[in-house]
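Student: The following file, final_4.pdb, comprises PDB, N, CA and C atoms:
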ATOM      1  N   MET A1416      47.128 121.080  25.047
ATOM      2  CA  MET A1416      47.732 122.012  24.121
ATOM      3  C   MET A1416      48.988 121.387  23.538
ATOM      4  N   PRO A1417      49.318 121.805  22.338
ATOM      5  CA  PRO A1417      50.535 121.262  21.736
ATOM      6  C   PRO A1417      51.779 121.687  22.518
ATOM      7  N   ASP A1418      52.816 120.832  22.525
ATOM      8  CA  ASP A1418      54.073 121.185  23.170
ATOM      9  C   ASP A1418      54.719 122.383  22.481
ATOM     10  N   ARG A1419      54.582 122.426  21.170
ATOM     11  CA  ARG A1419      55.154 123.517  20.383
ATOM     12  C   ARG A1419      54.056 124.122  19.516
ATOM     13  N   PRO A1420      53.326 125.106  20.051
ATOM     14  CA  PRO A1420      52.254 125.721  19.264
ATOM     15  C   PRO A1420      52.792 126.381  17.999
ATOM     16  N   ALA A1421      51.950 126.461  17.003
ATOM     17  CA  ALA A1421      52.335 127.120  15.756
ATOM     18  C   ALA A1421      52.695 128.575  16.047
ATOM     19  N   SER A1422      53.586 129.121  15.253
ATOM     20  CA  SER A1422      54.055 130.480  15.507
ATOM     21  C   SER A1422      53.272 131.503  14.682
ATOM     22  N   HIS A1423      51.961 131.453  14.774
ATOM     23  CA  HIS A1423      51.102 132.409  14.090
ATOM     24  C   HIS A1423      50.603 133.442  15.091
ATOM     25  N   THR A1424      50.537 134.676  14.651
ATOM     26  CA  THR A1424      49.946 135.715  15.466
ATOM     27  C   THR A1424      48.477 135.802  15.084
ATOM     28  N   VAL A1425      47.613 135.589  16.046
ATOM     29  CA  VAL A1425      46.172 135.564  15.804
ATOM     30  C   VAL A1425      45.611 136.942  16.142
ATOM     31  N   THR A1426      44.705 137.441  15.307
ATOM     32  CA  THR A1426      44.143 138.769  15.530
ATOM     33  C   THR A1426      43.348 138.821  16.829
ATOM     34  N   ALA A1427      43.204 140.022  17.367
ATOM     35  CA  ALA A1427      42.439 140.214  18.602
ATOM     36  C   ALA A1427      40.991 139.771  18.423
ATOM     37  N   GLU A1428      40.397 140.047  17.270
ATOM     38  CA  GLU A1428      39.011 139.654  17.012
ATOM     39  C   GLU A1428      38.855 138.135  17.060
ATOM     40  N   VAL A1429      39.778 137.418  16.441
ATOM     41  CA  VAL A1429      39.718 135.950  16.429
ATOM     42  C   VAL A1429      39.918 135.413  17.844
ATOM     43  N   ARG A1430      40.905 135.937  18.572
ATOM     44  CA  ARG A1430      41.122 135.500  19.959
ATOM     45  C   ARG A1430      39.876 135.729  20.796
ATOM     46  N   HIS A1431      39.271 136.884  20.650
ATOM     47  CA  HIS A1431      38.071 137.237  21.420
ATOM     48  C   HIS A1431      36.922 136.276  21.115
ATOM     49  N   ASP A1432      36.657 136.037  19.833
ATOM     50  CA  ASP A1432      35.544 135.157  19.469
ATOM     51  C   ASP A1432      35.811 133.707  19.838
ATOM     52  N   LEU A1433      37.047 133.242  19.706
ATOM     53  CA  LEU A1433      37.379 131.881  20.148
ATOM     54  C   LEU A1433      37.208 131.749  21.657
ATOM     55  N   PHE A1434      37.662 132.753  22.404
ATOM     56  CA  PHE A1434      37.501 132.741  23.857
ATOM     57  C   PHE A1434      36.020 132.683  24.237
ATOM     58  N   LEU A1435      35.205 133.564  23.639
ATOM     59  CA  LEU A1435      33.786 133.603  23.999
ATOM     60  C   LEU A1435      33.049 132.328  23.593
ATOM     61  N   ALA A1436      33.392 131.750  22.452
ATOM     62  CA  ALA A1436      32.750 130.496  22.033
ATOM     63  C   ALA A1436      33.144 129.362  22.987
ATOM     64  N   THR A1437      34.412 129.308  23.385
ATOM     65  CA  THR A1437      34.868 128.289  24.337
ATOM     66  C   THR A1437      34.191 128.480  25.684
ATOM     67  N   LYS A1438      34.124 129.713  26.131
ATOM     68  CA  LYS A1438      33.469 130.025  27.403
ATOM     69  C   LYS A1438      31.999 129.607  27.368
ATOM     70  N   GLU A1439      31.313 129.869  26.266
ATOM     71  CA  GLU A1439      29.904 129.489  26.120
ATOM     72  C   GLU A1439      29.743 127.967  26.184
ATOM     73  N   ALA A1440      30.636 127.244  25.514
ATOM     74  CA  ALA A1440      30.565 125.780  25.544
ATOM     75  C   ALA A1440      30.741 125.261  26.964
ATOM     76  N   LEU A1441      31.726 125.787  27.686
ATOM     77  CA  LEU A1441      31.961 125.340  29.058
ATOM     78  C   LEU A1441      30.804 125.740  29.976
ATOM     79  N   HIS A1442      30.268 126.932  29.784
ATOM     80  CA  HIS A1442      29.109 127.378  30.560
ATOM     81  C   HIS A1442      27.920 126.433  30.342
ATOM     82  N   ASN A1443      27.673 126.063  29.090
ATOM     83  CA  ASN A1443      26.562 125.156  28.789
ATOM     84  C   ASN A1443      26.754 123.791  29.451
ATOM     85  N   ILE A1444      27.978 123.324  29.490
ATOM     86  CA  ILE A1444      28.259 122.040  30.135
ATOM     87  C   ILE A1444      27.911 122.120  31.617
ATOM     88  N   VAL A1445      28.414 123.154  32.269
ATOM     89  CA  VAL A1445      28.165 123.305  33.710
ATOM     90  C   VAL A1445      26.671 123.458  33.992
ATOM     91  N   ARG A1446      26.008 124.242  33.180
ATOM     92  CA  ARG A1446      24.609 124.564  33.442
ATOM     93  C   ARG A1446      23.625 123.460  33.056
ATOM     94  N   HIS A1447      23.911 122.726  31.975
ATOM     95  CA  HIS A1447      22.897 121.833  31.422
ATOM     96  C   HIS A1447      23.248 120.353  31.356
ATOM     97  N   SER A1448      24.505 119.990  31.306
ATOM     98  CA  SER A1448      24.852 118.623  30.901
ATOM     99  C   SER A1448      24.863 117.577  32.011
ATOM    100  N   GLN A1449      25.069 117.996  33.240
ATOM    101  CA  GLN A1449      25.269 117.070  34.348
ATOM    102  C   GLN A1449      26.473 116.155  34.107
ATOM    103  N   ALA A1450      27.461 116.679  33.412
ATOM    104  CA  ALA A1450      28.674 115.911  33.112
ATOM    105  C   ALA A1450      29.533 115.752  34.361
ATOM    106  N   THR A1451      30.256 114.653  34.412
ATOM    107  CA  THR A1451      31.228 114.442  35.486
ATOM    108  C   THR A1451      32.654 114.588  34.963
ATOM    109  N   GLU A1452      32.816 114.628  33.641
ATOM    110  CA  GLU A1452      34.128 114.799  33.026
ATOM    111  C   GLU A1452      34.010 115.703  31.813
ATOM    112  N   VAL A1453      35.006 116.578  31.657
ATOM    113  CA  VAL A1453      35.092 117.479  30.511
ATOM    114  C   VAL A1453      36.526 117.462  30.025
ATOM    115  N   THR A1454      36.700 117.402  28.720
ATOM    116  CA  THR A1454      38.028 117.459  28.120
ATOM    117  C   THR A1454      38.071 118.653  27.178
ATOM    118  N   LEU A1455      39.110 119.465  27.306
ATOM    119  CA  LEU A1455      39.341 120.577  26.403
ATOM    120  C   LEU A1455      40.672 120.314  25.720
ATOM    121  N   ARG A1456      40.634 120.216  24.400
ATOM    122  CA  ARG A1456      41.844 119.920  23.625
ATOM    123  C   ARG A1456      42.063 121.037  22.615
ATOM    124  N   ILE A1457      43.261 121.576  22.570
ATOM    125  CA  ILE A1457      43.627 122.593  21.601
ATOM    126  C   ILE A1457      44.729 122.015  20.739
ATOM    127  N   SER A1458      44.518 122.051  19.432
ATOM    128  CA  SER A1458      45.544 121.526  18.537
ATOM    129  C   SER A1458      45.740 122.482  17.371
ATOM    130  N   THR A1459      46.932 122.433  16.824
ATOM    131  CA  THR A1459      47.256 123.236  15.654
ATOM    132  C   THR A1459      47.960 122.340  14.647
ATOM    133  N   ASP A1460      47.835 122.726  13.398
ATOM    134  CA  ASP A1460      48.598 122.076  12.347
ATOM    135  C   ASP A1460      48.853 123.120  11.274
ATOM    136  N   ALA A1461      49.330 122.712  10.120
ATOM    137  CA  ALA A1461      49.653 123.654   9.051
ATOM    138  C   ALA A1461      48.419 124.406   8.555
ATOM    139  N   ASN A1462      47.237 123.843   8.765
ATOM    140  CA  ASN A1462      46.011 124.459   8.249
ATOM    141  C   ASN A1462      45.344 125.430   9.212
ATOM    142  N   GLY A1463      45.466 125.195  10.510
ATOM    143  CA  GLY A1463      44.781 126.084  11.439
ATOM    144  C   GLY A1463      44.780 125.593  12.872
ATOM    145  N   LEU A1464      43.835 126.143  13.607
ATOM    146  CA  LEU A1464      43.674 125.904  15.035
ATOM    147  C   LEU A1464      42.340 125.216  15.273
ATOM    148  N   GLU A1465      42.324 124.248  16.190
ATOM    149  CA  GLU A1465      41.076 123.572  16.534
ATOM    150  C   GLU A1465      40.982 123.447  18.052
ATOM    151  N   ILE A1466      39.823 123.821  18.585
ATOM    152  CA  ILE A1466      39.512 123.638  19.991
ATOM    153  C   ILE A1466      38.369 122.642  20.056
ATOM    154  N   VAL A1467      38.561 121.556  20.794
ATOM    155  CA  VAL A1467      37.534 120.523  20.918
ATOM    156  C   VAL A1467      37.196 120.374  22.399
ATOM    157  N   ILE A1468      35.913 120.515  22.709
ATOM    158  CA  ILE A1468      35.414 120.395  24.079
ATOM    159  C   ILE A1468      34.460 119.211  24.111
ATOM    160  N   THR A1469      34.754 118.224  24.953
ATOM    161  CA  THR A1469      33.957 117.001  25.030
ATOM    162  C   THR A1469      33.509 116.792  26.468
ATOM    163  N   ASP A1470      32.253 116.361  26.633
ATOM    164  CA  ASP A1470      31.773 116.037  27.977
ATOM    165  C   ASP A1470      31.065 114.690  27.954
ATOM    166  N   ASN A1471      30.875 114.138  29.143
ATOM    167  CA  ASN A1471      30.179 112.856  29.267
ATOM    168  C   ASN A1471      28.773 113.053  29.837
ATOM    169  N   GLY A1472      28.205 114.225  29.597
ATOM    170  CA  GLY A1472      26.877 114.539  30.119
ATOM    171  C   GLY A1472      25.757 113.818  29.396
ATOM    172  N   HIS A1473      24.540 114.280  29.654
ATOM    173  CA  HIS A1473      23.383 113.572  29.113
ATOM    174  C   HIS A1473      23.080 113.909  27.658
ATOM    175  N   GLY A1474      23.789 114.840  27.033
ATOM    176  CA  GLY A1474      23.598 115.137  25.617
ATOM    177  C   GLY A1474      22.263 115.807  25.343
ATOM    178  N   PHE A1475      21.976 116.015  24.060
ATOM    179  CA  PHE A1475      20.736 116.679  23.668
ATOM    180  C   PHE A1475      20.437 116.394  22.209
ATOM    181  N   VAL A1476      19.244 116.772  21.780
ATOM    182  CA  VAL A1476      18.826 116.598  20.398
ATOM    183  C   VAL A1476      18.740 117.946  19.689
ATOM    184  N   THR A1477      18.516 119.026  20.423
ATOM    185  CA  THR A1477      18.323 120.361  19.857
ATOM    186  C   THR A1477      19.516 120.783  19.019
ATOM    187  N   GLY A1478      19.242 121.318  17.832
ATOM    188  CA  GLY A1478      20.292 121.855  16.976
ATOM    189  C   GLY A1478      20.467 123.343  17.195
ATOM    190  N   PRO A1479      21.528 123.943  16.618
ATOM    191  CA  PRO A1479      21.827 125.347  16.867
ATOM    192  C   PRO A1479      20.790 126.331  16.336
ATOM    193  N   ASP A1480      19.898 125.899  15.473
ATOM    194  CA  ASP A1480      18.905 126.821  14.921
ATOM    195  C   ASP A1480      17.518 126.628  15.507
ATOM    196  N   GLN A1481      17.380 125.832  16.547
ATOM    197  CA  GLN A1481      16.078 125.607  17.166
ATOM    198  C   GLN A1481      15.886 126.532  18.364
ATOM    199  N   ALA A1482      14.630 126.786  18.690
ATOM    200  CA  ALA A1482      14.308 127.644  19.834
ATOM    201  C   ALA A1482      14.958 127.090  21.095
ATOM    202  N   GLY A1483      15.463 127.971  21.927
ATOM    203  CA  GLY A1483      16.081 127.564  23.177
ATOM    204  C   GLY A1483      17.544 127.176  23.036
ATOM    205  N   ALA A1484      18.107 127.285  21.833
ATOM    206  CA  ALA A1484      19.500 126.898  21.607
ATOM    207  C   ALA A1484      20.361 128.126  21.342
ATOM    208  N   ASP A1485      20.128 129.186  22.113
ATOM    209  CA  ASP A1485      20.843 130.439  21.878
ATOM    210  C   ASP A1485      22.358 130.281  21.985
ATOM    211  N   GLY A1486      22.829 129.521  22.969
ATOM    212  CA  GLY A1486      24.267 129.332  23.133
ATOM    213  C   GLY A1486      24.897 128.660  21.929
ATOM    214  N   LEU A1487      24.262 127.618  21.415
ATOM    215  CA  LEU A1487      24.780 126.930  20.232
ATOM    216  C   LEU A1487      24.776 127.860  19.023
ATOM    217  N   ARG A1488      23.702 128.600  18.864
ATOM    218  CA  ARG A1488      23.588 129.544  17.749
ATOM    219  C   ARG A1488      24.677 130.623  17.862
ATOM    220  N   ASN A1489      24.892 131.149  19.074
ATOM    221  CA  ASN A1489      25.922 132.173  19.266
ATOM    222  C   ASN A1489      27.315 131.641  18.926
ATOM    223  N   MET A1490      27.608 130.398  19.329
ATOM    224  CA  MET A1490      28.909 129.817  19.006
ATOM    225  C   MET A1490      29.072 129.689  17.490
ATOM    226  N   ARG A1491      28.031 129.216  16.826
ATOM    227  CA  ARG A1491      28.085 129.061  15.365
ATOM    228  C   ARG A1491      28.307 130.417  14.697
ATOM    229  N   LEU A1492      27.549 131.425  15.119
ATOM    230  CA  LEU A1492      27.678 132.755  14.520
ATOM    231  C   LEU A1492      29.047 133.372  14.778
ATOM    232  N   ARG A1493      29.591 133.169  15.971
ATOM    233  CA  ARG A1493      30.932 133.678  16.264
ATOM    234  C   ARG A1493      31.965 133.044  15.340
ATOM    235  N   MET A1494      31.875 131.741  15.171
ATOM    236  CA  MET A1494      32.848 131.063  14.318
ATOM    237  C   MET A1494      32.676 131.460  12.857
ATOM    238  N   GLU A1495      31.455 131.590  12.398
ATOM    239  CA  GLU A1495      31.230 132.052  11.027
ATOM    240  C   GLU A1495      31.763 133.473  10.852
ATOM    241  N   GLY A1496      31.603 134.313  11.887
ATOM    242  CA  GLY A1496      32.049 135.697  11.822
ATOM    243  C   GLY A1496      33.547 135.852  11.651
ATOM    244  N   ILE A1497      34.314 134.859  12.078
ATOM    245  CA  ILE A1497      35.770 134.920  11.926
ATOM    246  C   ILE A1497      36.254 133.975  10.823
ATOM    247  N   GLY A1498      35.312 133.469  10.032
ATOM    248  CA  GLY A1498      35.680 132.591   8.923
ATOM    249  C   GLY A1498      36.002 131.178   9.342
ATOM    250  N   GLY A1499      35.555 130.791  10.528
ATOM    251  CA  GLY A1499      35.823 129.447  11.043
ATOM    252  C   GLY A1499      34.635 128.527  10.878
ATOM    253  N   ASP A1500      34.691 127.415  11.560
ATOM    254  CA  ASP A1500      33.657 126.392  11.466
ATOM    255  C   ASP A1500      33.277 125.951  12.878
ATOM    256  N   PHE A1501      32.000 125.691  13.070
ATOM    257  CA  PHE A1501      31.468 125.217  14.345
ATOM    258  C   PHE A1501      30.801 123.876  14.088
ATOM    259  N   ARG A1502      31.179 122.881  14.876
ATOM    260  CA  ARG A1502      30.571 121.558  14.747
ATOM    261  C   ARG A1502      30.132 121.084  16.119
ATOM    262  N   VAL A1503      28.956 120.485  16.166
ATOM    263  CA  VAL A1503      28.467 119.928  17.423
ATOM    264  C   VAL A1503      27.954 118.522  17.143
ATOM    265  N   GLN A1504      28.334 117.604  18.000
ATOM    266  CA  GLN A1504      27.868 116.229  17.913
ATOM    267  C   GLN A1504      27.365 115.849  19.298
ATOM    268  N   SER A1505      26.091 115.498  19.380
ATOM    269  CA  SER A1505      25.518 115.149  20.671
ATOM    270  C   SER A1505      24.415 114.130  20.481
ATOM    271  N   ASN A1506      24.320 113.258  21.434
ATOM    272  CA  ASN A1506      23.259 112.266  21.453
ATOM    273  C   ASN A1506      22.785 112.119  22.892
ATOM    274  N   PRO A1507      21.489 111.959  23.061
ATOM    275  CA  PRO A1507      20.984 111.773  24.423
ATOM    276  C   PRO A1507      21.725 110.642  25.145
ATOM    277  N   ARG A1508      22.113 110.904  26.383
ATOM    278  CA  ARG A1508      22.780 109.961  27.280
ATOM    279  C   ARG A1508      24.194 109.566  26.846
ATOM    280  N   SER A1509      24.772 110.293  25.880
ATOM    281  CA  SER A1509      26.136 109.912  25.493
ATOM    282  C   SER A1509      27.067 111.109  25.326
ATOM    283  N   GLY A1510      26.722 112.240  25.909
ATOM    284  CA  GLY A1510      27.640 113.369  25.908
ATOM    285  C   GLY A1510      27.613 114.199  24.642
ATOM    286  N   THR A1511      28.492 115.187  24.640
ATOM    287  CA  THR A1511      28.538 116.165  23.559
ATOM    288  C   THR A1511      29.980 116.490  23.221
ATOM    289  N   THR A1512      30.235 116.720  21.938
ATOM    290  CA  THR A1512      31.527 117.203  21.479
ATOM    291  C   THR A1512      31.292 118.449  20.638
ATOM    292  N   ILE A1513      31.987 119.515  20.993
ATOM    293  CA  ILE A1513      31.913 120.766  20.239
ATOM    294  C   ILE A1513      33.300 121.038  19.680
ATOM    295  N   SER A1514      33.364 121.349  18.389
ATOM    296  CA  SER A1514      34.628 121.674  17.729
ATOM    297  C   SER A1514      34.561 123.090  17.179
ATOM    298  N   LEU A1515      35.572 123.874  17.504
ATOM    299  CA  LEU A1515      35.726 125.235  17.000
ATOM    300  C   LEU A1515      36.970 125.221  16.126
ATOM    301  N   ILE A1516      36.802 125.434  14.832
ATOM    302  CA  ILE A1516      37.888 125.274  13.880
ATOM    303  C   ILE A1516      38.135 126.609  13.179
ATOM    304  N   CYS A1517      39.371 127.060  13.193
ATOM    305  CA  CYS A1517      39.710 128.339  12.571
ATOM    306  C   CYS A1517      40.944 128.171  11.689
ATOM    307  N   PRO A1518      40.786 128.325  10.365
ATOM    308  CA  PRO A1518      41.948 128.247   9.470
ATOM    309  C   PRO A1518      42.914 129.400   9.726
ATOM    310  N   TRP A1519      44.215 129.156   9.570
ATOM    311  CA  TRP A1519      45.202 130.211   9.792
ATOM    312  C   TRP A1519      44.949 131.402   8.891
ATOM    313  N   LYS A1520      44.537 131.161   7.653
ATOM    314  CA  LYS A1520      44.343 132.299   6.739
ATOM    315  C   LYS A1520      43.272 133.245   7.266
ATOM    316  N   GLN A1521      42.332 132.757   8.059
ATOM    317  CA  GLN A1521      41.309 133.608   8.668
ATOM    318  C   GLN A1521      41.793 134.183   9.999
ATOM    319  N   ALA A1522      42.550 133.404  10.736
ATOM    320  CA  ALA A1522      42.954 133.790  12.087
ATOM    321  C   ALA A1522      44.012 134.886  12.115
ATOM    322  N   VAL A1523      44.881 134.921  11.118
ATOM    323  CA  VAL A1523      45.999 135.865  11.154
ATOM    324  C   VAL A1523      45.718 137.151  10.386
ATOM    325  N   GLY A1524      44.713 137.143   9.532
ATOM    326  CA  GLY A1524      44.387 138.348   8.775
ATOM    327  C   GLY A1524      43.236 139.095   9.396
ATOM    328  N   ALA A1525      43.199 140.386   9.200
ATOM    329  CA  ALA A1525      42.066 141.165   9.713
ATOM    330  C   ALA A1525      40.822 140.724   8.967
ATOM    331  N   HIS A1526      39.784 140.438   9.699
ATOM    332  CA  HIS A1526      38.530 139.961   9.107
ATOM    333  C   HIS A1526      37.398 140.766   9.705
ATOM    334  N   SER A1527      36.737 141.536   8.890
ATOM    335  CA  SER A1527      35.646 142.359   9.421
ATOM    336  C   SER A1527      34.328 141.638   9.270
ATOM    337  N   ARG A1528      33.415 141.964  10.181
ATOM    338  CA  ARG A1528      32.107 141.327  10.164
ATOM    339  C   ARG A1528      31.196 142.030   9.211
TER
END
In structure tokens, how does this file's structure come out?
Tutor:
Amino acid sequence: MPDRPASHTVTAEVRHDLFLATKEALHNIVRHSQATEVTLRISTDANGLEIVITDNGHGFVTGPDQAGADGLRNMRLRMEGIGGDFRVQSNPRSGTTISLICPWKQAVGAHSR
């Protein structure tokens, strides 16, 4: 986490969806990846907030819209629901990186689904 986080007040809806998307990513790592290391990085800048979760597990090929990828799809939908962005990069045998990106203009204003 940054030493001096940005002084933005984030709505309860955005906090809730960011928490659940992060929790889903960590759950998937524990359940499926066989990773021995996980890194969770939270950063902020003038544009917004980014949470990046990286593991050294076995990776995968399945995308968020394929059968059996409910967790990935849920993370994408949560981020879209709050006006954010969901990115996943994974390759077999080389781990996975998930990025949850939320612009401040979406995070601080009320955003209805």
Student: Please define a box with edges along x, y and z of the file around all atoms of region 1501-1516 of chain A given in the file, extend it by 3 Å on each side, and return its centre and edge lengths in Å to one decimal, as JSON.
Tutor:
{"center_x": 29.6, "center_y": 118.1, "center_z": 20.2, "size_x": 23.2, "size_y": 23.0, "size_z": 20.2}
Student: Could you spell out the hits of the PyMOL selection byres ((chain A and resi 1445-1452) around 5) on the shown file, as a list in words?
Tutor: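 Answer for the PyMOL selection byres ((chain A and resi 1445-1452) around 5): Leu1441, His1442, Asn1443, Ile1444, Val1453, Thr1454, Asp1470, Asn1471, Gly1472 and His1473 of chain A.
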Student: Calculated over only N, CA and C atoms, which of the candidates A:Ala1461, A:Ala1484, A:Ile1513, A:Val1425 has the smallest distance to Ala1440 (chain A)?
Tutor: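 Residue with the minimum atom-to-atom distance to Ala1440 (chain A): A:Ile1513.
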Student: Excluding same-chain residues fewer than 5 positions from Gln1504 (chain A), what lies within 6.5 Å of it counting only N, CA and C atoms, as a PyMOL selection string?
Tutor: chain A and resi 1510-1514
Student: For Glu1495 (chain A), which residue among A:Leu1435, A:Ala1427, A:Ile1457, A:Cys1517 is the nearest when counting only C-alpha atoms?
Tutor: A:Cys1517
Student: Which residue is closest to Met1494 (chain A)? Choose from A:Gln1521, A:Ser1509, A:Thr1426, A:Asp1432 and count only N, CA and C atoms.
Tutor: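 Using only N, CA and C atoms, the shortest distance to Met1494 (chain A) belongs to A:Asp1432.
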Student: Rounded to one decimal, what separation in Å do you get between CA of Gly1474 (chain A) and CA of Leu1492 (chain A)?
Tutor: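 So the two atoms, CA of Gly1474 (chain A) and CA of Leu1492 (chain A), lie 21.2 Å apart.
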Student: Quick one: pull the distance between atom C of Ala1522 (chain A) and atom C of Ser1505 (chain A), Å, one decimal.
Tutor: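 About the pair atom C of Ala1522 (chain A) and atom C of Ser1505 (chain A): they are 29.7 Å apart.
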Student: Taking the backbone alone, and naming residues the way the document does, which bits of chain A are helix (DSSP H, G or I) by DSSP, as a compact mmCIF listing (two decimals) with N, CA and C atoms, in the coordinates of the input?
Tutor:
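Just written: out-v6.txt:
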# COMPACT_ATOMS: atom_id res chain seq x y z
N ALA A 1427 43.20 140.02 17.37
CA ALA A 1427 42.44 140.21 18.60
C ALA A 1427 40.99 139.77 18.42
N GLU A 1428 40.40 140.05 17.27
CA GLU A 1428 39.01 139.65 17.01
C GLU A 1428 38.85 138.14 17.06
N VAL A 1429 39.78 137.42 16.44
CA VAL A 1429 39.72 135.95 16.43
C VAL A 1429 39.92 135.41 17.84
N ARG A 1430 40.90 135.94 18.57
CA ARG A 1430 41.12 135.50 19.96
C ARG A 1430 39.88 135.73 20.80
N HIS A 1431 39.27 136.88 20.65
CA HIS A 1431 38.07 137.24 21.42
C HIS A 1431 36.92 136.28 21.12
N ASP A 1432 36.66 136.04 19.83
CA ASP A 1432 35.54 135.16 19.47
C ASP A 1432 35.81 133.71 19.84
N LEU A 1433 37.05 133.24 19.71
CA LEU A 1433 37.38 131.88 20.15
C LEU A 1433 37.21 131.75 21.66
N PHE A 1434 37.66 132.75 22.40
CA PHE A 1434 37.50 132.74 23.86
C PHE A 1434 36.02 132.68 24.24
N LEU A 1435 35.20 133.56 23.64
CA LEU A 1435 33.79 133.60 24.00
C LEU A 1435 33.05 132.33 23.59
N ALA A 1436 33.39 131.75 22.45
CA ALA A 1436 32.75 130.50 22.03
C ALA A 1436 33.14 129.36 22.99
N THR A 1437 34.41 129.31 23.38
CA THR A 1437 34.87 128.29 24.34
C THR A 1437 34.19 128.48 25.68
N LYS A 1438 34.12 129.71 26.13
CA LYS A 1438 33.47 130.02 27.40
C LYS A 1438 32.00 129.61 27.37
N GLU A 1439 31.31 129.87 26.27
CA GLU A 1439 29.90 129.49 26.12
C GLU A 1439 29.74 127.97 26.18
N ALA A 1440 30.64 127.24 25.51
CA ALA A 1440 30.56 125.78 25.54
C ALA A 1440 30.74 125.26 26.96
N LEU A 1441 31.73 125.79 27.69
CA LEU A 1441 31.96 125.34 29.06
C LEU A 1441 30.80 125.74 29.98
N HIS A 1442 30.27 126.93 29.78
CA HIS A 1442 29.11 127.38 30.56
C HIS A 1442 27.92 126.43 30.34
N ASN A 1443 27.67 126.06 29.09
CA ASN A 1443 26.56 125.16 28.79
C ASN A 1443 26.75 123.79 29.45
N ILE A 1444 27.98 123.32 29.49
CA ILE A 1444 28.26 122.04 30.14
C ILE A 1444 27.91 122.12 31.62
N VAL A 1445 28.41 123.15 32.27
CA VAL A 1445 28.16 123.30 33.71
C VAL A 1445 26.67 123.46 33.99
N ARG A 1446 26.01 124.24 33.18
CA ARG A 1446 24.61 124.56 33.44
C ARG A 1446 23.62 123.46 33.06
N HIS A 1447 23.91 122.73 31.98
CA HIS A 1447 22.90 121.83 31.42
C HIS A 1447 23.25 120.35 31.36
N SER A 1448 24.50 119.99 31.31
CA SER A 1448 24.85 118.62 30.90
C SER A 1448 24.86 117.58 32.01
N ASP A 1485 20.13 129.19 22.11
CA ASP A 1485 20.84 130.44 21.88
C ASP A 1485 22.36 130.28 21.98
N GLY A 1486 22.83 129.52 22.97
CA GLY A 1486 24.27 129.33 23.13
C GLY A 1486 24.90 128.66 21.93
N LEU A 1487 24.26 127.62 21.42
CA LEU A 1487 24.78 126.93 20.23
C LEU A 1487 24.78 127.86 19.02
N ARG A 1488 23.70 128.60 18.86
CA ARG A 1488 23.59 129.54 17.75
C ARG A 1488 24.68 130.62 17.86
N ASN A 1489 24.89 131.15 19.07
CA ASN A 1489 25.92 132.17 19.27
C ASN A 1489 27.32 131.64 18.93
N MET A 1490 27.61 130.40 19.33
CA MET A 1490 28.91 129.82 19.01
C MET A 1490 29.07 129.69 17.49
N ARG A 1491 28.03 129.22 16.83
CA ARG A 1491 28.08 129.06 15.36
C ARG A 1491 28.31 130.42 14.70
N LEU A 1492 27.55 131.43 15.12
CA LEU A 1492 27.68 132.76 14.52
C LEU A 1492 29.05 133.37 14.78
N ARG A 1493 29.59 133.17 15.97
CA ARG A 1493 30.93 133.68 16.26
C ARG A 1493 31.96 133.04 15.34
N MET A 1494 31.88 131.74 15.17
CA MET A 1494 32.85 131.06 14.32
C MET A 1494 32.68 131.46 12.86
N GLU A 1495 31.46 131.59 12.40
CA GLU A 1495 31.23 132.05 11.03
C GLU A 1495 31.76 133.47 10.85
N GLY A 1496 31.60 134.31 11.89
CA GLY A 1496 32.05 135.70 11.82
C GLY A 1496 33.55 135.85 11.65
N TRP A 1519 44.22 129.16 9.57
CA TRP A 1519 45.20 130.21 9.79
C TRP A 1519 44.95 131.40 8.89
N LYS A 1520 44.54 131.16 7.65
CA LYS A 1520 44.34 132.30 6.74
C LYS A 1520 43.27 133.24 7.27
N GLN A 1521 42.33 132.76 8.06
CA GLN A 1521 41.31 133.61 8.67
C GLN A 1521 41.79 134.18 10.00
N ALA A 1522 42.55 133.40 10.74
CA ALA A 1522 42.95 133.79 12.09
C ALA A 1522 44.01 134.89 12.12
Student: Using the chain letters and residue numbers of this document, give as a PyMOL selection string the residues selected by the PyMOL selection byres ((chain A and resi 1462) around 5).
Tutor: chain A and resi 1460-1461+1463-1464+1518-1519
Student: I need the residues from that last selection saved to file as an mmCIF file, in the coordinates of the input (with N, CA and C atoms), if you can.
Tutor:
data_model
loop_
_atom_site.group_PDB
_atom_site.id
_atom_site.type_symbol
_atom_site.label_atom_id
_atom_site.label_comp_id
_atom_site.auth_asym_id
_atom_site.auth_seq_id
_atom_site.Cartn_x
_atom_site.Cartn_y
_atom_site.Cartn_z
ATOM 1 N N ASP A 1460 47.835 122.726 13.398
ATOM 2 C CA ASP A 1460 48.598 122.076 12.347
ATOM 3 C C ASP A 1460 48.853 123.120 11.274
ATOM 4 N N ALA A 1461 49.330 122.712 10.120
ATOM 5 C CA ALA A 1461 49.653 123.654 9.051
ATOM 6 C C ALA A 1461 48.419 124.406 8.555
ATOM 7 N N GLY A 1463 45.466 125.195 10.510
ATOM 8 C CA GLY A 1463 44.781 126.084 11.439
ATOM 9 C C GLY A 1463 44.780 125.593 12.872
ATOM 10 N N LEU A 1464 43.835 126.143 13.607
ATOM 11 C CA LEU A 1464 43.674 125.904 15.035
ATOM 12 C C LEU A 1464 42.340 125.216 15.273
ATOM 13 N N PRO A 1518 40.786 128.325 10.365
ATOM 14 C CA PRO A 1518 41.948 128.247 9.470
ATOM 15 C C PRO A 1518 42.914 129.400 9.726
ATOM 16 N N TRP A 1519 44.215 129.156 9.570
ATOM 17 C CA TRP A 1519 45.202 130.211 9.792
ATOM 18 C C TRP A 1519 44.949 131.402 8.891
#
Student: For a test of reading the model, state the distance in Å between CA of Asp1485 (chain A) and atom C of Ile1516 (chain A), rounded to one decimal.
Tutor: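 Atom-to-atom, CA of Asp1485 (chain A) and atom C of Ile1516 (chain A) are spaced 19.7 Å apart.
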Student: Out of region 1417-1523 of chain A, which residues get strand (DSSP E) from DSSP, as a list in words?
Tutor: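 DSSP on the backbone gives strand (DSSP E) at Val1453, Thr1454, Leu1455, Arg1456, Ile1457, Ser1458, Thr1459, Gly1463, Leu1464, Glu1465, Ile1466, Val1467, Ile1468, Thr1469, Asp1470, Asp1500, Phe1501, Arg1502, Val1503, Gln1504, Ser1505, Thr1511, Thr1512, Ile1513, Ser1514, Leu1515, Ile1516, Cys1517 and Pro1518 of chain A.
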